[in-house]
Protein chains: 2
Amino acid sequence: MSDQNTQILLRARPVGEPTADDYSIVTTEVPTPGDGEVLLRTRYLSLDPYMRGRMSDAKSYAAPTEIGDVMPGATVAEVVESRDPSRAVGDVVLAYGGWQGYSVAPAKQTRPLDPDAAPISTALGVLGMPGFTAYAGLTQIGQPKPGETVVVAAATGPVGATVGQIAKILGCRAVGIAGGPEKVAHLDELGFDAALDHRAPDFKEQLKAAVPDGIDVYFENVGGHVWDAVLPLLNKFARVPVCGLVAHYNDTSAPEGPNRAPALMSNILTRSLLIRGFIQDEFAADHQRNFLTQAAGWIADGKLRYREDVTEGLENAPEAFNRMLRGQNFGKTVIKVS
Amino acid sequence: MSDQNTQILLRARPVGEPTADDYSIVTTEVPTPGDGEVLLRTRYLSLDPYMRGRMSDAKSYAAPTEIGDVMPGATVAEVVESRDPSRAVGDVVLAYGGWQGYSVAPAKQTRPLDPDAAPISTALGVLGMPGFTAYAGLTQIGQPKPGETVVVAAATGPVGATVGQIAKILGCRAVGIAGGPEKVAHLDELGFDAALDHRAPDFKEQLKAAVPDGIDVYFENVGGHVWDAVLPLLNKFARVPVCGLVAHYNDTSAPEGPNRAPALMSNILTRSLLIRGFIQDEFAADHQRNFLTQAAGWIADGKLRYREDVTEGLENAPEAFNRMLRGQNFGKTVIKVS
């Protein structure tokens, strides 16, 4: 290949919001695949909040990215060279290529995509990890019954929008929370029963009015003041799947007191709440196939809609990543790389 | 009846630890049962931590006791007059007579006890609500697998001691936490794999050493600094049934900061923890019969032992109640009333 490979590496562990100094952008040779491997040219790179955790070395569900390593991330990519009979040049696959223009992967660790079935970028969003996170957390942990009230924040994001729409499909009242009037208007278009702006000065009162029967499922992907407003409204036996806490990912220390952890435990006790953290992986073996079938049908029927926030150019990934952590994205954040 | 009825009423809602001024002790006429009712003479009154919640008017799983009402509580009582064919004078029953010498109840709301099968006071402890709380929370929420590590605090109490012994029966490593050397020695006698004193200056280090494979189930009935020590040791997918938080029942305000609630949620997320509050009632229909059968067998086999902390005289209930809230009881707290 005469082309070069642009890579974005983790240069330093960020303190608070990542800055340009926390990355280095380098140009290297395009790698060469070995037996059983494929060389992939990145078409789309997914940016997801979990990546902020990988940049830190705090104990988490995944090992941190090492300093000097390529930033991690799911990619939709095209096979440009194949050393495995199962993949041909030109195939489009889902891979985990990271923040770079080219990557090499074992063919077995890529999943072929059908460009005629759905836009290929959806494999990173509504038909990918975020969509399955929504589906698995809602159906397996939230277990909403028809008529119950489901609340979700970051509701125009790829997880939240899918949670709300699946809640509607399951016969629930869906209440979505987002930041700003444009996003709130979009939630109305998606069919949420109520759409609230968490920046409104009377947000707490608005939320209370929007859930006249209390909250049975709160799908937690944000934390912060939204969670503080939700907690007093949870019904007895409410379920809280926790897949993200993006409001806290840039925290550098515990917030000021008083210490509300005992009160949280007390709420859990007195209302028999279920709080359950999860990563979608644990449900993949049992439920991913079913999800893909159902979600494709819902999209075809117009019941499940999605929105993407596309930024052109790999070099703009750090800034787009920060926009997403601040909630300034509008839909699934993807980088169009080539 | 020529006898009189001694009653302990709630006079005021306590602030912090209840004082003598929060109760009034009165003497009234012995009540008269109506059709379908029985008159009961209290033999044993159960004192349980949940009663502290009933003395407050904060929102909880049960309505608060009204000012001027008899303090609530489960009782083992003898039928002294019956207006229902299903109960005879002399029958011993489990009832909810409260802090008083006599009470009237619909016969249907009493459960006959067989004094030959087990000491009647056990219907308030190991074979009653505390024992079933342990069984239901451990088996239905904790769901420990053989070889896993189960940790429980207040481990000489009626819930904790039962949790630890059932954990052993299920093939788990059982670690008990209690206050003071006498209680710790008792945990050794009960067959716990490790027994720790939470008052030890190096308690955190002792706990870490006692759970070399981490903690898979923490049965939470205490809160406070024990929970703070447990949280960092929980394994991925650990389960935390929450049935009590006795360390906090006398709290008058949220503890000083920093605010550790976001860190708690972050731990739930990054280790896929399950935290679930519960009251044993929700499991009674499906599991209580099975529990009674199994527990009676375990007691007969010597695998499930219990200990009672008996105080003579109803008038001593307020002081015994405070001793229990401070953890100064040693076994199931009961008042021998007559």
# chains A, B, ... in the order shown; residues from 1 in each chain; ligands from 1
$ closest_atom_pairs --of "chain A" --to "chain B" --cutoff "10 Å" --atoms "only C-alpha atoms" --output "CSV"
residue,atom,partner,partner_atom,distance
A:Gly53,CA,B:Thr270,CA,9.4
A:Ala58,CA,B:Thr270,CA,10.0
A:Lys59,CA,B:Thr270,CA,7.9
A:Ser60,CA,B:Thr270,CA,5.0
A:Tyr61,CA,B:Thr270,CA,5.1
A:Ala62,CA,B:Thr270,CA,8.5
A:Glu220,CA,B:Leu269,CA,9.8
A:Asn221,CA,B:Leu269,CA,9.7
A:Gly223,CA,B:Pro262,CA,7.5
A:Gly224,CA,B:Pro262,CA,7.7
A:Trp227,CA,B:Pro262,CA,9.8
A:Lys236,CA,B:Tyr61,CA,8.1
A:Phe237,CA,B:Gly277,CA,8.5
A:Arg239,CA,B:Arg276,CA,9.1
A:Val240,CA,B:Ile275,CA,9.8
A:Pro241,CA,B:Leu269,CA,9.1
A:Val242,CA,B:Leu269,CA,6.0
A:Cys243,CA,B:Leu269,CA,6.3
A:Gly244,CA,B:Leu269,CA,6.8
A:Leu245,CA,B:Ser266,CA,7.1
A:Ala247,CA,B:Pro262,CA,9.7
A:His248,CA,B:Pro262,CA,7.5
A:Tyr249,CA,B:Ser266,CA,9.3
A:Asp251,CA,B:Pro262,CA,9.8
A:Ser253,CA,B:Pro258,CA,8.9
A:Ala254,CA,B:Pro258,CA,5.9
A:Pro255,CA,B:Asn259,CA,5.3
A:Glu256,CA,B:Pro258,CA,4.6
A:Gly257,CA,B:Gly257,CA,3.2
A:Pro258,CA,B:Gly257,CA,4.1
A:Asn259,CA,B:Asn259,CA,3.8
A:Arg260,CA,B:Ala261,CA,5.4
A:Ala261,CA,B:Ala261,CA,4.1
A:Pro262,CA,B:Ala254,CA,7.5
A:Ala263,CA,B:Ala254,CA,7.1
A:Leu264,CA,B:Ala261,CA,6.9
A:Met265,CA,B:Leu245,CA,8.0
A:Ser266,CA,B:Leu245,CA,7.1
A:Asn267,CA,B:Gly277,CA,8.3
A:Ile268,CA,B:Gly277,CA,5.0
A:Leu269,CA,B:Gly277,CA,4.1
A:Thr270,CA,B:Ser60,CA,5.0
A:Arg271,CA,B:Tyr61,CA,6.1
A:Ser272,CA,B:Gly277,CA,4.1
A:Leu273,CA,B:Gly277,CA,5.3
A:Leu274,CA,B:Arg276,CA,4.4
A:Ile275,CA,B:Ile275,CA,5.1
A:Arg276,CA,B:Leu274,CA,4.4
A:Gly277,CA,B:Ser272,CA,4.1
A:Phe278,CA,B:Ser272,CA,4.6
A:Ile279,CA,B:Ser272,CA,7.1
A:Glu282,CA,B:Ser272,CA,9.6
$ residues_around --residues "stretch 90-102 of chain B" --least-positions-apart "6" --cutoff "6 Å" --atoms "only C-alpha atoms" --output "PyMOL selection string"
chain B and resi 5-8+40-42+71-79+110-113
$ write_last_selection --atoms "N, CA, C and O atoms" --output "PDB file, in the first residue's frame"
ATOM      1  N   ASN B   5     -54.910  -4.240  81.226  1.00  0.00           N
ATOM      2  CA  ASN B   5     -54.023  -4.326  80.069  1.00  0.00           C
ATOM      3  C   ASN B   5     -52.975  -3.211  80.116  1.00  0.00           C
ATOM      4  O   ASN B   5     -53.313  -2.035  80.130  1.00  0.00           O
ATOM      5  N   THR B   6     -51.700  -3.612  80.159  1.00  0.00           N
ATOM      6  CA  THR B   6     -50.612  -2.635  80.083  1.00  0.00           C
ATOM      7  C   THR B   6     -50.258  -2.425  78.615  1.00  0.00           C
ATOM      8  O   THR B   6     -50.073  -3.398  77.868  1.00  0.00           O
ATOM      9  N   GLN B   7     -50.168  -1.164  78.226  1.00  0.00           N
ATOM     10  CA  GLN B   7     -49.872  -0.834  76.828  1.00  0.00           C
ATOM     11  C   GLN B   7     -48.728   0.179  76.773  1.00  0.00           C
ATOM     12  O   GLN B   7     -48.663   1.076  77.607  1.00  0.00           O
ATOM     13  N   ILE B   8     -47.877   0.034  75.785  1.00  0.00           N
ATOM     14  CA  ILE B   8     -46.850   1.051  75.544  1.00  0.00           C
ATOM     15  C   ILE B   8     -47.210   1.759  74.238  1.00  0.00           C
ATOM     16  O   ILE B   8     -47.294   1.125  73.171  1.00  0.00           O
ATOM     17  N   LEU B  40     -56.214 -12.325  73.094  1.00  0.00           N
ATOM     18  CA  LEU B  40     -54.897 -12.944  73.235  1.00  0.00           C
ATOM     19  C   LEU B  40     -54.140 -12.352  74.412  1.00  0.00           C
ATOM     20  O   LEU B  40     -54.123 -11.132  74.587  1.00  0.00           O
ATOM     21  N   ARG B  41     -53.496 -13.222  75.194  1.00  0.00           N
ATOM     22  CA  ARG B  41     -52.562 -12.750  76.212  1.00  0.00           C
ATOM     23  C   ARG B  41     -51.148 -12.926  75.670  1.00  0.00           C
ATOM     24  O   ARG B  41     -50.743 -14.037  75.309  1.00  0.00           O
ATOM     25  N   THR B  42     -50.408 -11.834  75.622  1.00  0.00           N
ATOM     26  CA  THR B  42     -49.068 -11.856  75.025  1.00  0.00           C
ATOM     27  C   THR B  42     -48.121 -12.688  75.891  1.00  0.00           C
ATOM     28  O   THR B  42     -48.007 -12.458  77.097  1.00  0.00           O
ATOM     29  N   MET B  71     -47.440   0.720  70.232  1.00  0.00           N
ATOM     30  CA  MET B  71     -46.262   0.359  69.422  1.00  0.00           C
ATOM     31  C   MET B  71     -46.519  -0.997  68.770  1.00  0.00           C
ATOM     32  O   MET B  71     -47.022  -1.923  69.417  1.00  0.00           O
ATOM     33  N   PRO B  72     -46.170  -1.139  67.488  1.00  0.00           N
ATOM     34  CA  PRO B  72     -46.478  -2.374  66.768  1.00  0.00           C
ATOM     35  C   PRO B  72     -45.447  -3.472  67.041  1.00  0.00           C
ATOM     36  O   PRO B  72     -44.330  -3.186  67.474  1.00  0.00           O
ATOM     37  N   GLY B  73     -45.828  -4.697  66.783  1.00  0.00           N
ATOM     38  CA  GLY B  73     -44.859  -5.778  66.905  1.00  0.00           C
ATOM     39  C   GLY B  73     -45.519  -7.156  66.850  1.00  0.00           C
ATOM     40  O   GLY B  73     -46.677  -7.326  67.246  1.00  0.00           O
ATOM     41  N   ALA B  74     -44.738  -8.091  66.340  1.00  0.00           N
ATOM     42  CA  ALA B  74     -45.208  -9.477  66.310  1.00  0.00           C
ATOM     43  C   ALA B  74     -45.176 -10.050  67.725  1.00  0.00           C
ATOM     44  O   ALA B  74     -44.318  -9.695  68.542  1.00  0.00           O
ATOM     45  N   THR B  75     -46.114 -10.924  68.019  1.00  0.00           N
ATOM     46  CA  THR B  75     -46.224 -11.524  69.349  1.00  0.00           C
ATOM     47  C   THR B  75     -46.526 -13.015  69.240  1.00  0.00           C
ATOM     48  O   THR B  75     -47.147 -13.473  68.277  1.00  0.00           O
ATOM     49  N   VAL B  76     -46.068 -13.736  70.236  1.00  0.00           N
ATOM     50  CA  VAL B  76     -46.557 -15.099  70.452  1.00  0.00           C
ATOM     51  C   VAL B  76     -47.506 -15.011  71.653  1.00  0.00           C
ATOM     52  O   VAL B  76     -47.140 -14.449  72.694  1.00  0.00           O
ATOM     53  N   ALA B  77     -48.714 -15.497  71.477  1.00  0.00           N
ATOM     54  CA  ALA B  77     -49.756 -15.234  72.471  1.00  0.00           C
ATOM     55  C   ALA B  77     -50.636 -16.461  72.685  1.00  0.00           C
ATOM     56  O   ALA B  77     -50.665 -17.380  71.865  1.00  0.00           O
ATOM     57  N   GLU B  78     -51.328 -16.414  73.791  1.00  0.00           N
ATOM     58  CA  GLU B  78     -52.212 -17.526  74.153  1.00  0.00           C
ATOM     59  C   GLU B  78     -53.655 -17.041  74.035  1.00  0.00           C
ATOM     60  O   GLU B  78     -53.986 -15.942  74.481  1.00  0.00           O
ATOM     61  N   VAL B  79     -54.498 -17.862  73.460  1.00  0.00           N
ATOM     62  CA  VAL B  79     -55.917 -17.515  73.330  1.00  0.00           C
ATOM     63  C   VAL B  79     -56.565 -17.659  74.708  1.00  0.00           C
ATOM     64  O   VAL B  79     -56.527 -18.737  75.305  1.00  0.00           O
ATOM     65  N   THR B 110     -54.321 -14.852  62.948  1.00  0.00           N
ATOM     66  CA  THR B 110     -53.375 -15.512  63.841  1.00  0.00           C
ATOM     67  C   THR B 110     -52.968 -16.854  63.228  1.00  0.00           C
ATOM     68  O   THR B 110     -53.715 -17.434  62.440  1.00  0.00           O
ATOM     69  N   ARG B 111     -51.767 -17.300  63.556  1.00  0.00           N
ATOM     70  CA  ARG B 111     -51.308 -18.588  63.023  1.00  0.00           C
ATOM     71  C   ARG B 111     -51.001 -19.506  64.189  1.00  0.00           C
ATOM     72  O   ARG B 111     -50.161 -19.180  65.037  1.00  0.00           O
ATOM     73  N   PRO B 112     -51.681 -20.659  64.271  1.00  0.00           N
ATOM     74  CA  PRO B 112     -51.445 -21.570  65.391  1.00  0.00           C
ATOM     75  C   PRO B 112     -50.003 -22.093  65.399  1.00  0.00           C
ATOM     76  O   PRO B 112     -49.430 -22.352  64.344  1.00  0.00           O
ATOM     77  N   LEU B 113     -49.444 -22.229  66.581  1.00  0.00           N
ATOM     78  CA  LEU B 113     -48.101 -22.781  66.734  1.00  0.00           C
ATOM     79  C   LEU B 113     -48.194 -24.100  67.479  1.00  0.00           C
ATOM     80  O   LEU B 113     -49.077 -24.283  68.313  1.00  0.00           O
TER      81      LEU B 113
END
$ select_by_dssp --residues "stretch 157-187 of chain A" --states "helix (DSSP H, G or I)" --output "CSV table (one decimal) with all heavy atoms, in the first residue's frame"
chain,number,residue,atom,x,y,z
A,158,PRO,N,-28.1,7.4,21.2
A,158,PRO,CA,-28.5,6.1,20.6
A,158,PRO,C,-29.0,5.1,21.5
A,158,PRO,O,-29.8,4.2,21.2
A,158,PRO,CB,-27.1,5.6,20.0
A,158,PRO,CG,-26.1,6.3,20.8
A,158,PRO,CD,-26.7,7.7,21.1
A,159,VAL,N,-28.6,5.1,22.8
A,159,VAL,CA,-29.2,4.2,23.8
A,159,VAL,C,-30.5,4.7,24.2
A,159,VAL,O,-31.5,4.0,24.1
A,159,VAL,CB,-28.2,4.1,25.0
A,159,VAL,CG1,-28.9,3.2,26.1
A,159,VAL,CG2,-26.9,3.5,24.6
A,160,GLY,N,-30.6,6.0,24.7
A,160,GLY,CA,-31.8,6.5,25.2
A,160,GLY,C,-33.0,6.5,24.2
A,160,GLY,O,-34.1,6.2,24.5
A,161,ALA,N,-32.7,6.9,22.9
A,161,ALA,CA,-33.8,6.9,21.9
A,161,ALA,C,-34.3,5.5,21.7
A,161,ALA,O,-35.5,5.3,21.5
A,161,ALA,CB,-33.3,7.5,20.6
A,162,THR,N,-33.4,4.5,21.8
A,162,THR,CA,-33.9,3.1,21.5
A,162,THR,C,-34.7,2.6,22.7
A,162,THR,O,-35.7,2.0,22.6
A,162,THR,CB,-32.6,2.3,21.2
A,162,THR,OG1,-31.9,2.9,20.2
A,162,THR,CG2,-33.1,0.9,20.8
A,163,VAL,N,-34.2,3.0,23.9
A,163,VAL,CA,-34.9,2.6,25.2
A,163,VAL,C,-36.4,3.1,25.1
A,163,VAL,O,-37.3,2.4,25.3
A,163,VAL,CB,-34.3,3.2,26.4
A,163,VAL,CG1,-35.2,3.1,27.6
A,163,VAL,CG2,-33.0,2.4,26.7
A,164,GLY,N,-36.5,4.4,24.8
A,164,GLY,CA,-37.9,5.0,24.8
A,164,GLY,C,-38.8,4.4,23.7
A,164,GLY,O,-40.0,4.1,24.0
A,165,GLN,N,-38.2,4.2,22.6
A,165,GLN,CA,-39.1,3.6,21.5
A,165,GLN,C,-39.4,2.2,21.8
A,165,GLN,O,-40.6,1.7,21.5
A,165,GLN,CB,-38.4,3.8,20.2
A,165,GLN,CG,-38.3,5.3,19.7
A,165,GLN,CD,-37.5,5.4,18.4
A,165,GLN,OE1,-38.0,5.4,17.4
A,165,GLN,NE2,-36.2,5.6,18.6
A,166,ILE,N,-38.5,1.4,22.3
A,166,ILE,CA,-38.9,0.0,22.7
A,166,ILE,C,-39.9,0.0,23.8
A,166,ILE,O,-40.8,-0.8,23.8
A,166,ILE,CB,-37.6,-0.8,23.0
A,166,ILE,CG1,-36.7,-1.0,21.8
A,166,ILE,CG2,-38.0,-2.2,23.5
A,166,ILE,CD1,-35.4,-1.7,22.0
A,167,ALA,N,-39.7,0.9,24.7
A,167,ALA,CA,-40.7,1.0,25.8
A,167,ALA,C,-42.1,1.2,25.2
A,167,ALA,O,-43.1,0.6,25.7
A,167,ALA,CB,-40.4,2.1,26.8
A,168,LYS,N,-42.2,2.1,24.2
A,168,LYS,CA,-43.5,2.4,23.6
A,168,LYS,C,-44.0,1.1,22.9
A,168,LYS,O,-45.2,0.7,23.0
A,168,LYS,CB,-43.4,3.5,22.5
A,168,LYS,CG,-43.2,4.9,23.1
A,168,LYS,CD,-44.4,5.3,24.0
A,168,LYS,CE,-45.7,5.3,23.3
A,168,LYS,NZ,-46.9,5.6,24.2
A,169,ILE,N,-43.1,0.4,22.2
A,169,ILE,CA,-43.5,-0.8,21.5
A,169,ILE,C,-44.0,-1.9,22.5
A,169,ILE,O,-45.0,-2.6,22.2
A,169,ILE,CB,-42.3,-1.4,20.7
A,169,ILE,CG1,-41.9,-0.5,19.6
A,169,ILE,CG2,-42.5,-2.8,20.3
A,169,ILE,CD1,-40.6,-0.8,18.9
A,181,PRO,N,-34.2,22.6,23.7
A,181,PRO,CA,-35.5,22.5,23.0
A,181,PRO,C,-35.5,21.7,21.7
A,181,PRO,O,-36.5,21.0,21.4
A,181,PRO,CB,-35.9,24.0,22.7
A,181,PRO,CG,-34.7,24.8,22.9
A,181,PRO,CD,-33.8,24.0,23.8
A,182,GLU,N,-34.4,21.8,21.0
A,182,GLU,CA,-34.4,21.1,19.7
A,182,GLU,C,-34.5,19.5,20.0
A,182,GLU,O,-35.2,18.8,19.3
A,182,GLU,CB,-33.1,21.4,19.0
A,182,GLU,CG,-33.1,21.0,17.5
A,182,GLU,CD,-31.7,21.2,16.9
A,182,GLU,OE1,-30.7,21.6,17.6
A,182,GLU,OE2,-31.5,20.9,15.7
A,183,LYS,N,-33.7,19.1,21.0
A,183,LYS,CA,-33.7,17.7,21.3
A,183,LYS,C,-35.1,17.3,21.9
A,183,LYS,O,-35.6,16.2,21.6
A,183,LYS,CB,-32.6,17.3,22.3
A,183,LYS,CG,-31.2,17.4,21.7
A,183,LYS,CD,-30.2,17.0,22.7
A,183,LYS,CE,-28.8,17.1,22.1
A,183,LYS,NZ,-27.7,16.8,23.0
A,184,VAL,N,-35.7,18.1,22.7
A,184,VAL,CA,-37.0,17.8,23.3
A,184,VAL,C,-38.0,17.7,22.1
A,184,VAL,O,-38.9,16.8,22.2
A,184,VAL,CB,-37.4,18.9,24.3
A,184,VAL,CG1,-38.8,18.8,24.7
A,184,VAL,CG2,-36.5,18.8,25.5
A,185,ALA,N,-37.9,18.6,21.2
A,185,ALA,CA,-38.9,18.5,20.0
A,185,ALA,C,-38.7,17.2,19.3
A,185,ALA,O,-39.7,16.5,18.9
A,185,ALA,CB,-38.7,19.7,19.1
A,186,HIS,N,-37.4,16.7,19.2
A,186,HIS,CA,-37.2,15.5,18.5
A,186,HIS,C,-37.8,14.3,19.3
A,186,HIS,O,-38.3,13.3,18.7
A,186,HIS,CB,-35.7,15.3,18.3
A,186,HIS,CG,-35.3,14.0,17.6
A,186,HIS,ND1,-35.7,13.7,16.3
A,186,HIS,CD2,-34.6,12.9,18.0
A,186,HIS,CE1,-35.2,12.5,16.0
A,186,HIS,NE2,-34.5,12.0,17.0
A,187,LEU,N,-37.8,14.3,20.6
A,187,LEU,CA,-38.4,13.3,21.4
A,187,LEU,C,-39.9,13.2,21.1
A,187,LEU,O,-40.5,12.1,21.0
A,187,LEU,CB,-38.2,13.5,22.9
A,187,LEU,CG,-36.7,13.4,23.3
A,187,LEU,CD1,-36.6,13.7,24.8
A,187,LEU,CD2,-36.1,12.1,23.0
$ closest_residue --among "A:Ile299, A:Val80, A:Val38, A:Val310" --to "A:Asp3" --atoms "only C-alpha atoms"
A:Val80
$ residues_around --residues "B:Pro232" --least-positions-apart "2" --cutoff "10 Å" --atoms "only C-alpha atoms" --output "count of residues only"
11
$ atom_distance --atom1 "atom CA of A:Pro201" --atom2 "atom CA of A:Gly142"
29.0 Å
$ closest_residue --among "A:Val151, A:Gln109, A:Leu304, A:Pro64" --to "A:Leu231" --atoms "only C-alpha atoms"
A:Val151
$ residues_around --residues "stretch 176-179 of chain B" --least-positions-apart "4" --cutoff "9 Å" --atoms "only C-alpha atoms" --output "ChimeraX atom specification"
/B:150-157,160-161,164,183-184,187-188,192-200,207,226,327-328
$ atom_distance --atom1 "atom CA of B:Ser121" --atom2 "atom CA of B:Ala300"
16.3 Å
